[in-house]
Amino acid sequence: MTEKTSSKSINELIVDEIPEKLAVLPLRDTVIFPYMIFPILVGRKQSITAANHALDTSKYIFLTAQKKSDLESPKKEDLYLEGTVAKIIQILKLPNGLLKILIDGILPGVIKKFTDNKEFFEAEIDLILPTKEDAREQNALIRQMTSLFKEYVKINRNIPSEAISAYDNISEPDRKLYYVAANINQSIDVKQKILQKFTLIDQLYEVIKILNSENEILKIEKEIEGKVHENIQKTQRRFIINEQIRILQDELGDDEEASPEFAKLRERIKKAKMPKEIEEKALDEFNKLKKTPPSSPESTVIRNYLDWLSDVPWYKKTEDNLDLKNVRKILDEDHYGLEKPKERIVEHIAVLNLVKQIRGQILCFVGPPGVGKTSLGKSIARALGRNFVRISLGGVRDEAEIRGHRRTYIGSMPGKIVQSMKRAGTINPVILLDEIDKMSMDFRGDPSSAMLEVLDPEQNHTFNDHYLDIDYDLSQVMFITTANVKYNIPLPLQDRMEIIELPGYLIHEKEEIAKKHIIPKQLKAHGLSEINIDFKGTALKSIIESYTREAGVRNLEREIASVLRKTARDIVLQKKNGKKSLPKSFTIDPGKIESYLGVPRFRQQKAEKEARIGSITGLAWTSVGGDILNVDATVMNGSEKLTLTGQIGDVMKESAIAALSYLRSNANSLGLNENFYKGKEVHIHLPEGAIPKDGPSAGITLALAMYSAFSGKPAKSDIAMTGEITLRGRVLAIGGLNEKLLAAKRSGIKTVLIPSQNEKDLSEIKDAVKSELNIICIENIKDAIEIVFEKPKRKTNKTSKTVTKKSNVRKSKNK
């Protein structure tokens with residue numbers, strides 16, 4: 001871009017030469033200012049026609065910028081109204097069909113009105129003539145603009161320094177302004193703002209504003225560039241110095257005193273007392289590290305690997321406390337009940353007293369939430385005097401989380417097992433693998449398969465982590481796993497563990513746990529340990545029965561904490577109301593429990609008191625214990641179909657179909673009409689429809705509910721039952737017997753029917769659960785019918801005999 005050399009001023013211009021109507025030439029990516037001679041390329045047919053028309057008439061043309069440069073065919077509204085009236089000096093037609101037009105900027109102007117010309121844009125133009133301004137303000141603004149422009153040229157590499165000399169040769173203020181505006185590297189919309197100001201003062205202010213902004217940005221860019229250059233120089237300098245140090249070390253014969261950091265690392269490797277072959281591998285990696293430049297990514301990878309090898313325990317172990325009495329004492333201090341797991345731990349320690357080391361010490365505690373599985377693992381570690389580490393497996397989907405990532409990956413690290421060994425710091429900790437039934441698999445692998453090696457006593461002495469890539473001995477680790485449900489654990493994993501089931505607590509057991517463990521803990525947490533807080537009467541029992549419904553004590557602890565918070569509030573308010581000191585005792589009775597915790601959240605589901613046709617009580621296992629299951633059946637005229645409602649799963653639906661098939665095939669022997677099902681529709685409903693229900697153990701309940709509905713016989717209301725059935729009428733074994741008997745007792749049931757195959761399981765159930773229950777073992781559906789419904793008056797053989805009077809267990813056989 002060059003500045004026009006004509007010496008005539010704006011006042012000397014012959015404005016009459018410029019026609020009122022001018023052809024308008026839209027410009028895509030530039031803004032033309034007055035007093036500038038500038039070449040432009042024209043290629044659009046409309047623009048070529050406009051340029052030729054201007055050349056053939058007055059040679060004057062109006063130049064304005066497009067609002068959007070990417071528009072190929074702009075409309076009138078796509079053009080800025082402000083632009084520059086220019087004179088065409090020369091037009092040159094190029095071989096590619098474009099026109100190269102040399103124009104001379106004359107005056108700024110504004111489009112007043114577009115004409116109706118269809119071939120090209122044509123408009124009436126208002127010329128913007130210069131006005132007299134305040135000389136002092138104008139001179140001050142020119143000085144500031146000059147200073148800023150010179151600074152801008154110095155900072156900006158894209159503008160030659162000769163631009164300052166050309167600027168100094170210009171004397172007219174308006175020409176200086178347009179020269180600066182033309183040389184600013186800015187967007188079209190920013191430059192257009194200069195033409196949108198119609199006085200020289202306003203234009204000077206706008207240019208100064210743009211120059212200030214540009215100078216600030218250029219300074220920041222220069223500062224950033226300087227910092228980057230400085231960092232590059234430092235990195236290069238560091239690399240050169242490190243190379244010199246490495247060469248000097250090679251000359252000195254690998255003398256590690258030249259690098260204290262390497263000497264410390266070698267000392268750590270020696271102190272770790274690794275097995276011989278592993279130490280050799282570590283030293284090989286160490287020698288490789290010394291020859292690797294510190295700036296190399298490989299250096300960091302090797303260093304992290306050696307740190308892990310040095311930090312993992314190889315020989316350090318804790319001495320086991322093998323005093324059986326002390327172990328039993330600690331287990332009893334921490335937990336109430338749980339006799340079976342406690343007995344198993346004592347047995348394990350007794351064996352350790354004899355052989356000093358034993359393999360196969362992998363226990364799996366299975367039970368509902370809140371029964372103390374995790375805390376029991378901590379107690380075992382405390383009783384043995386071993387370090388304790390907990391690994392949460394809930395939601396683990398990636399095999400690499402167990403085995404680690406290979407060192408080839410960026411950010412790789414060992415798996416959870418090796419990380420836990422580092423945290424433990426010894427080779428014989430107690431590692432609790434929590435929620436082992438919550439692991440799942442996806443495209444990244446199956447973590448449960450990786451656990452097979454960890455939990456196999458015959459393999460875990462050579463456990464291979466992908467990151468360490470060496471055999472690590474886990475044989476002295478005592479692994480304890482926990483799970484809520486056994487059937488979610490893969491069978492190969494179950495085979496490697498000794499499964500100990502932790503049943504839900506009875507009400508009196510929860511009361512004891514609350515008194516011995518929960519209340520003292522919460523009193524301390526709430527600052528009430530110095531006050532004698534007395535839960536009077538049935539206060540604790542009302543919390544357990546009316547505000548919690550669980551097999552464990554987790555929610556019970558929350559409710560007790562809530563009661564104690566409100567108790568603390570009342571005590572503090574009493575003190576503020578005039579009492580000088582805190583009370584020595586505070587009584588919490590059942591009335592205060594309801595005022596503190598509000599309306600009881602749960603009602604104890606009691607069995608029906610009256611015998612009703614088609615209504616039978618079953619027993620169900622849930623993740624928080626057991627519950628009774630009411631099954632209602634009704635018969636109506638219809639299309640001989642079976643309808644089941646109450647959010648019932650597929651297995652339970654199949655049990656209902658099997659029960660109906662049994663009734664139809666044995667109608668005569670059961671005293672039913674042969675065509676009892678003809679023209680009838682059966683509807684079975686299980687209340688509490690929002691709760692999903694499934695499983696085969698409701699088969700006997702479904703069969704007897706339909707039998708009652710078809711026969712019209714009411715069932716005894718104080719009997720509950722559980723059992724899977726076959727098409728031949730046999731009653732098969734079920735699971736969760738303890739929880740189901742507990743639910744029966746809690747609901748006021750007097751008699752419980754269970755499969756004969758479960759009779760052996762009764763010896764594992766506490767007498768407190770079996771007391772006051774008449775437990776009858778049955779082998780088939782006919783046994784149950786004779787017990788649940790009134791016996792016919794005809795003579796029958798005796799079908800039941802007492803097995804154990806003490807526990808009220810009878811065995812029934814249909815002869």
# chains A, B, ... in the order shown; residues from 1 in each chain; ligands from 1
$ residues_around --residues "Glu77 of chain A" --least-positions-apart "6" --cutoff "12 Å" --atoms "only C-alpha atoms" --output "PyMOL selection string"
chain A and resi 26+65-68+71+111+113-114+121
$ write_last_selection --atoms "all heavy atoms" --output "PDB file, in the first residue's frame"
ATOM      1  N   PRO A  26     -18.551  -3.824  -3.955  1.00  0.00           N
ATOM      2  CA  PRO A  26     -18.367  -4.481  -2.642  1.00  0.00           C
ATOM      3  C   PRO A  26     -16.969  -5.125  -2.533  1.00  0.00           C
ATOM      4  O   PRO A  26     -16.514  -5.778  -3.484  1.00  0.00           O
ATOM      5  CB  PRO A  26     -19.457  -5.560  -2.631  1.00  0.00           C
ATOM      6  CG  PRO A  26     -20.358  -5.257  -3.781  1.00  0.00           C
ATOM      7  CD  PRO A  26     -19.542  -4.531  -4.781  1.00  0.00           C
ATOM      8  N   ALA A  65     -17.180  -2.191   2.193  1.00  0.00           N
ATOM      9  CA  ALA A  65     -16.861  -3.574   2.591  1.00  0.00           C
ATOM     10  C   ALA A  65     -18.142  -4.382   2.841  1.00  0.00           C
ATOM     11  O   ALA A  65     -19.181  -3.829   3.203  1.00  0.00           O
ATOM     12  CB  ALA A  65     -16.014  -3.573   3.853  1.00  0.00           C
ATOM     13  N   GLN A  66     -18.043  -5.692   2.613  1.00  0.00           N
ATOM     14  CA  GLN A  66     -19.128  -6.616   2.956  1.00  0.00           C
ATOM     15  C   GLN A  66     -19.100  -6.887   4.456  1.00  0.00           C
ATOM     16  O   GLN A  66     -18.035  -6.954   5.079  1.00  0.00           O
ATOM     17  CB  GLN A  66     -18.958  -7.955   2.217  1.00  0.00           C
ATOM     18  CG  GLN A  66     -19.105  -7.856   0.724  1.00  0.00           C
ATOM     19  CD  GLN A  66     -18.932  -9.211   0.037  1.00  0.00           C
ATOM     20  OE1 GLN A  66     -18.814  -9.267  -1.155  1.00  0.00           O
ATOM     21  NE2 GLN A  66     -18.934 -10.287   0.801  1.00  0.00           N
ATOM     22  N   LYS A  67     -20.279  -7.073   5.045  1.00  0.00           N
ATOM     23  CA  LYS A  67     -20.344  -7.412   6.473  1.00  0.00           C
ATOM     24  C   LYS A  67     -19.825  -8.814   6.738  1.00  0.00           C
ATOM     25  O   LYS A  67     -19.243  -9.090   7.784  1.00  0.00           O
ATOM     26  CB  LYS A  67     -21.779  -7.273   6.975  1.00  0.00           C
ATOM     27  CG  LYS A  67     -22.286  -5.838   6.953  1.00  0.00           C
ATOM     28  CD  LYS A  67     -23.737  -5.750   7.420  1.00  0.00           C
ATOM     29  CE  LYS A  67     -24.250  -4.312   7.380  1.00  0.00           C
ATOM     30  NZ  LYS A  67     -25.668  -4.199   7.783  1.00  0.00           N
ATOM     31  N   LYS A  68     -20.051  -9.725   5.780  1.00  0.00           N
ATOM     32  CA  LYS A  68     -19.542 -11.097   5.882  1.00  0.00           C
ATOM     33  C   LYS A  68     -18.738 -11.396   4.632  1.00  0.00           C
ATOM     34  O   LYS A  68     -19.279 -11.408   3.515  1.00  0.00           O
ATOM     35  CB  LYS A  68     -20.693 -12.100   6.031  1.00  0.00           C
ATOM     36  CG  LYS A  68     -21.453 -11.962   7.337  1.00  0.00           C
ATOM     37  CD  LYS A  68     -22.552 -13.011   7.435  1.00  0.00           C
ATOM     38  CE  LYS A  68     -23.308 -12.885   8.749  1.00  0.00           C
ATOM     39  NZ  LYS A  68     -24.407 -13.887   8.861  1.00  0.00           N
ATOM     40  N   LEU A  71     -19.617 -14.267   1.756  1.00  0.00           N
ATOM     41  CA  LEU A  71     -20.791 -14.214   0.877  1.00  0.00           C
ATOM     42  C   LEU A  71     -20.340 -14.034  -0.563  1.00  0.00           C
ATOM     43  O   LEU A  71     -19.634 -13.069  -0.903  1.00  0.00           O
ATOM     44  CB  LEU A  71     -21.718 -13.081   1.290  1.00  0.00           C
ATOM     45  CG  LEU A  71     -22.478 -13.244   2.629  1.00  0.00           C
ATOM     46  CD1 LEU A  71     -23.296 -11.998   2.922  1.00  0.00           C
ATOM     47  CD2 LEU A  71     -23.380 -14.473   2.564  1.00  0.00           C
ATOM     48  N   ILE A 111     -23.708   5.817   1.875  1.00  0.00           N
ATOM     49  CA  ILE A 111     -24.784   5.499   0.935  1.00  0.00           C
ATOM     50  C   ILE A 111     -26.082   6.099   1.465  1.00  0.00           C
ATOM     51  O   ILE A 111     -26.519   5.802   2.582  1.00  0.00           O
ATOM     52  CB  ILE A 111     -24.921   3.980   0.755  1.00  0.00           C
ATOM     53  CG1 ILE A 111     -23.674   3.410   0.063  1.00  0.00           C
ATOM     54  CG2 ILE A 111     -26.163   3.649  -0.062  1.00  0.00           C
ATOM     55  CD1 ILE A 111     -23.659   1.899  -0.047  1.00  0.00           C
ATOM     56  N   LYS A 113     -29.030   6.162  -0.628  1.00  0.00           N
ATOM     57  CA  LYS A 113     -30.139   5.374  -1.145  1.00  0.00           C
ATOM     58  C   LYS A 113     -29.659   4.574  -2.349  1.00  0.00           C
ATOM     59  O   LYS A 113     -28.938   5.088  -3.197  1.00  0.00           O
ATOM     60  CB  LYS A 113     -31.288   6.310  -1.560  1.00  0.00           C
ATOM     61  CG  LYS A 113     -32.507   5.599  -2.135  1.00  0.00           C
ATOM     62  CD  LYS A 113     -33.542   6.623  -2.591  1.00  0.00           C
ATOM     63  CE  LYS A 113     -34.744   5.930  -3.227  1.00  0.00           C
ATOM     64  NZ  LYS A 113     -35.734   6.912  -3.742  1.00  0.00           N
ATOM     65  N   PHE A 114     -30.028   3.284  -2.373  1.00  0.00           N
ATOM     66  CA  PHE A 114     -29.703   2.440  -3.530  1.00  0.00           C
ATOM     67  C   PHE A 114     -30.707   2.705  -4.644  1.00  0.00           C
ATOM     68  O   PHE A 114     -31.899   2.963  -4.403  1.00  0.00           O
ATOM     69  CB  PHE A 114     -29.770   0.952  -3.138  1.00  0.00           C
ATOM     70  CG  PHE A 114     -28.560   0.473  -2.407  1.00  0.00           C
ATOM     71  CD1 PHE A 114     -28.580   0.352  -1.019  1.00  0.00           C
ATOM     72  CD2 PHE A 114     -27.392   0.148  -3.085  1.00  0.00           C
ATOM     73  CE1 PHE A 114     -27.479  -0.097  -0.330  1.00  0.00           C
ATOM     74  CE2 PHE A 114     -26.282  -0.310  -2.396  1.00  0.00           C
ATOM     75  CZ  PHE A 114     -26.315  -0.432  -1.018  1.00  0.00           C
ATOM     76  N   PHE A 121     -24.691  -2.854  -8.281  1.00  0.00           N
ATOM     77  CA  PHE A 121     -25.125  -1.963  -7.202  1.00  0.00           C
ATOM     78  C   PHE A 121     -24.827  -0.523  -7.602  1.00  0.00           C
ATOM     79  O   PHE A 121     -23.706  -0.177  -8.026  1.00  0.00           O
ATOM     80  CB  PHE A 121     -24.390  -2.295  -5.892  1.00  0.00           C
ATOM     81  CG  PHE A 121     -24.797  -3.604  -5.284  1.00  0.00           C
ATOM     82  CD1 PHE A 121     -23.860  -4.584  -5.000  1.00  0.00           C
ATOM     83  CD2 PHE A 121     -26.123  -3.861  -4.999  1.00  0.00           C
ATOM     84  CE1 PHE A 121     -24.218  -5.781  -4.446  1.00  0.00           C
ATOM     85  CE2 PHE A 121     -26.501  -5.066  -4.442  1.00  0.00           C
ATOM     86  CZ  PHE A 121     -25.548  -6.040  -4.165  1.00  0.00           C
TER      87      PHE A 121
END
$ select_by_dssp --residues "segment 643-774 of chain A" --states "strand (DSSP E or B)" --output "list in words"
Thr643, Leu644, Thr645, Ile648, Lys680, Glu681, Val682, His683, Ile684, His685, Lys693, Pro714, Ile719, Ala720, Met721, Glu724, Ile725, Arg730, Val731, Leu732, Thr751, Val752, Leu753, Ile754, Pro755 and Asn774 of chain A
$ select_by_dssp --residues "segment 372-426 of chain A" --states "helix (DSSP H, G or I)" --output "compact mmCIF listing (two decimals) with N, CA, C and O atoms, in the first residue's frame"
# COMPACT_ATOMS: atom_id res chain seq x y z
N LYS A 373 -19.52 -57.32 58.72
CA LYS A 373 -18.53 -58.09 57.96
C LYS A 373 -17.19 -57.36 57.89
O LYS A 373 -16.14 -57.93 58.18
N THR A 374 -17.22 -56.09 57.51
CA THR A 374 -15.98 -55.32 57.36
C THR A 374 -15.31 -55.10 58.70
O THR A 374 -14.09 -55.26 58.85
N SER A 375 -16.09 -54.73 59.72
CA SER A 375 -15.49 -54.47 61.04
C SER A 375 -14.93 -55.75 61.65
O SER A 375 -13.97 -55.71 62.42
N LEU A 376 -15.52 -56.91 61.29
CA LEU A 376 -14.98 -58.17 61.79
C LEU A 376 -13.59 -58.42 61.22
O LEU A 376 -12.71 -58.94 61.92
N GLY A 377 -13.38 -58.05 59.95
CA GLY A 377 -12.05 -58.17 59.36
C GLY A 377 -11.03 -57.32 60.11
O GLY A 377 -9.89 -57.75 60.35
N LYS A 378 -11.42 -56.09 60.49
CA LYS A 378 -10.52 -55.23 61.27
C LYS A 378 -10.20 -55.86 62.63
O LYS A 378 -9.06 -55.81 63.11
N SER A 379 -11.21 -56.45 63.25
CA SER A 379 -11.00 -57.07 64.57
C SER A 379 -10.04 -58.25 64.47
O SER A 379 -9.22 -58.48 65.36
N ILE A 380 -10.14 -59.02 63.38
CA ILE A 380 -9.24 -60.16 63.19
C ILE A 380 -7.80 -59.66 63.09
O ILE A 380 -6.88 -60.23 63.70
N ALA A 381 -7.59 -58.58 62.33
CA ALA A 381 -6.24 -58.02 62.21
C ALA A 381 -5.74 -57.52 63.56
O ALA A 381 -4.57 -57.73 63.93
N ARG A 382 -6.61 -56.88 64.33
CA ARG A 382 -6.21 -56.38 65.66
C ARG A 382 -5.90 -57.54 66.61
O ARG A 382 -4.95 -57.48 67.40
N ALA A 383 -6.69 -58.59 66.51
CA ALA A 383 -6.47 -59.74 67.39
C ALA A 383 -5.15 -60.43 67.08
O ALA A 383 -4.44 -60.86 67.99
N LEU A 384 -4.80 -60.52 65.79
CA LEU A 384 -3.55 -61.17 65.41
C LEU A 384 -2.35 -60.24 65.53
O LEU A 384 -1.20 -60.71 65.49
N ALA A 400 -7.01 -54.81 34.85
CA ALA A 400 -5.77 -54.12 35.20
C ALA A 400 -5.83 -53.50 36.59
O ALA A 400 -4.78 -53.22 37.18
N GLU A 401 -7.02 -53.27 37.14
CA GLU A 401 -7.09 -52.74 38.50
C GLU A 401 -6.63 -53.77 39.52
O GLU A 401 -6.26 -53.42 40.63
N ILE A 402 -6.66 -55.04 39.16
CA ILE A 402 -6.16 -56.09 40.05
C ILE A 402 -4.71 -56.43 39.72
O ILE A 402 -3.86 -56.47 40.61
N ARG A 403 -4.42 -56.60 38.44
CA ARG A 403 -3.08 -57.03 38.01
C ARG A 403 -2.15 -55.88 37.65
O ARG A 403 -0.95 -56.11 37.48
N LYS A 416 -4.31 -53.08 42.48
CA LYS A 416 -4.72 -52.81 43.87
C LYS A 416 -4.02 -53.74 44.87
O LYS A 416 -3.79 -53.34 46.02
N ILE A 417 -3.68 -54.96 44.47
CA ILE A 417 -3.06 -55.91 45.40
C ILE A 417 -1.68 -55.41 45.80
O ILE A 417 -1.34 -55.33 47.00
N VAL A 418 -0.84 -55.07 44.81
CA VAL A 418 0.51 -54.59 45.10
C VAL A 418 0.47 -53.24 45.82
O VAL A 418 1.26 -52.99 46.74
N GLN A 419 -0.46 -52.38 45.43
CA GLN A 419 -0.60 -51.09 46.13
C GLN A 419 -0.94 -51.32 47.60
O GLN A 419 -0.43 -50.61 48.48
N SER A 420 -1.80 -52.29 47.88
CA SER A 420 -2.18 -52.59 49.26
C SER A 420 -0.99 -53.15 50.05
O SER A 420 -0.82 -52.83 51.24
N MET A 421 -0.17 -53.95 49.41
CA MET A 421 1.02 -54.47 50.08
C MET A 421 1.98 -53.32 50.44
O MET A 421 2.58 -53.32 51.52
N LYS A 422 2.09 -52.34 49.56
CA LYS A 422 2.93 -51.18 49.87
C LYS A 422 2.37 -50.41 51.05
O LYS A 422 3.11 -49.99 51.95
N ARG A 423 1.05 -50.21 51.08
CA ARG A 423 0.43 -49.50 52.20
C ARG A 423 0.60 -50.27 53.51
O ARG A 423 0.82 -49.68 54.56
N ALA A 424 0.48 -51.59 53.42
CA ALA A 424 0.61 -52.40 54.64
C ALA A 424 2.03 -52.36 55.17
O ALA A 424 2.24 -52.30 56.39
$ residues_around --residues "segment 507-511 of chain A" --least-positions-apart "6" --cutoff "8 Å" --atoms "only C-alpha atoms" --output "ChimeraX atom specification"
/A:336-337,540-541,544-545,553
$ atom_distance --atom1 "atom CA of Tyr80 of chain A" --atom2 "atom CA of Leu177 of chain A"
20.7 Å
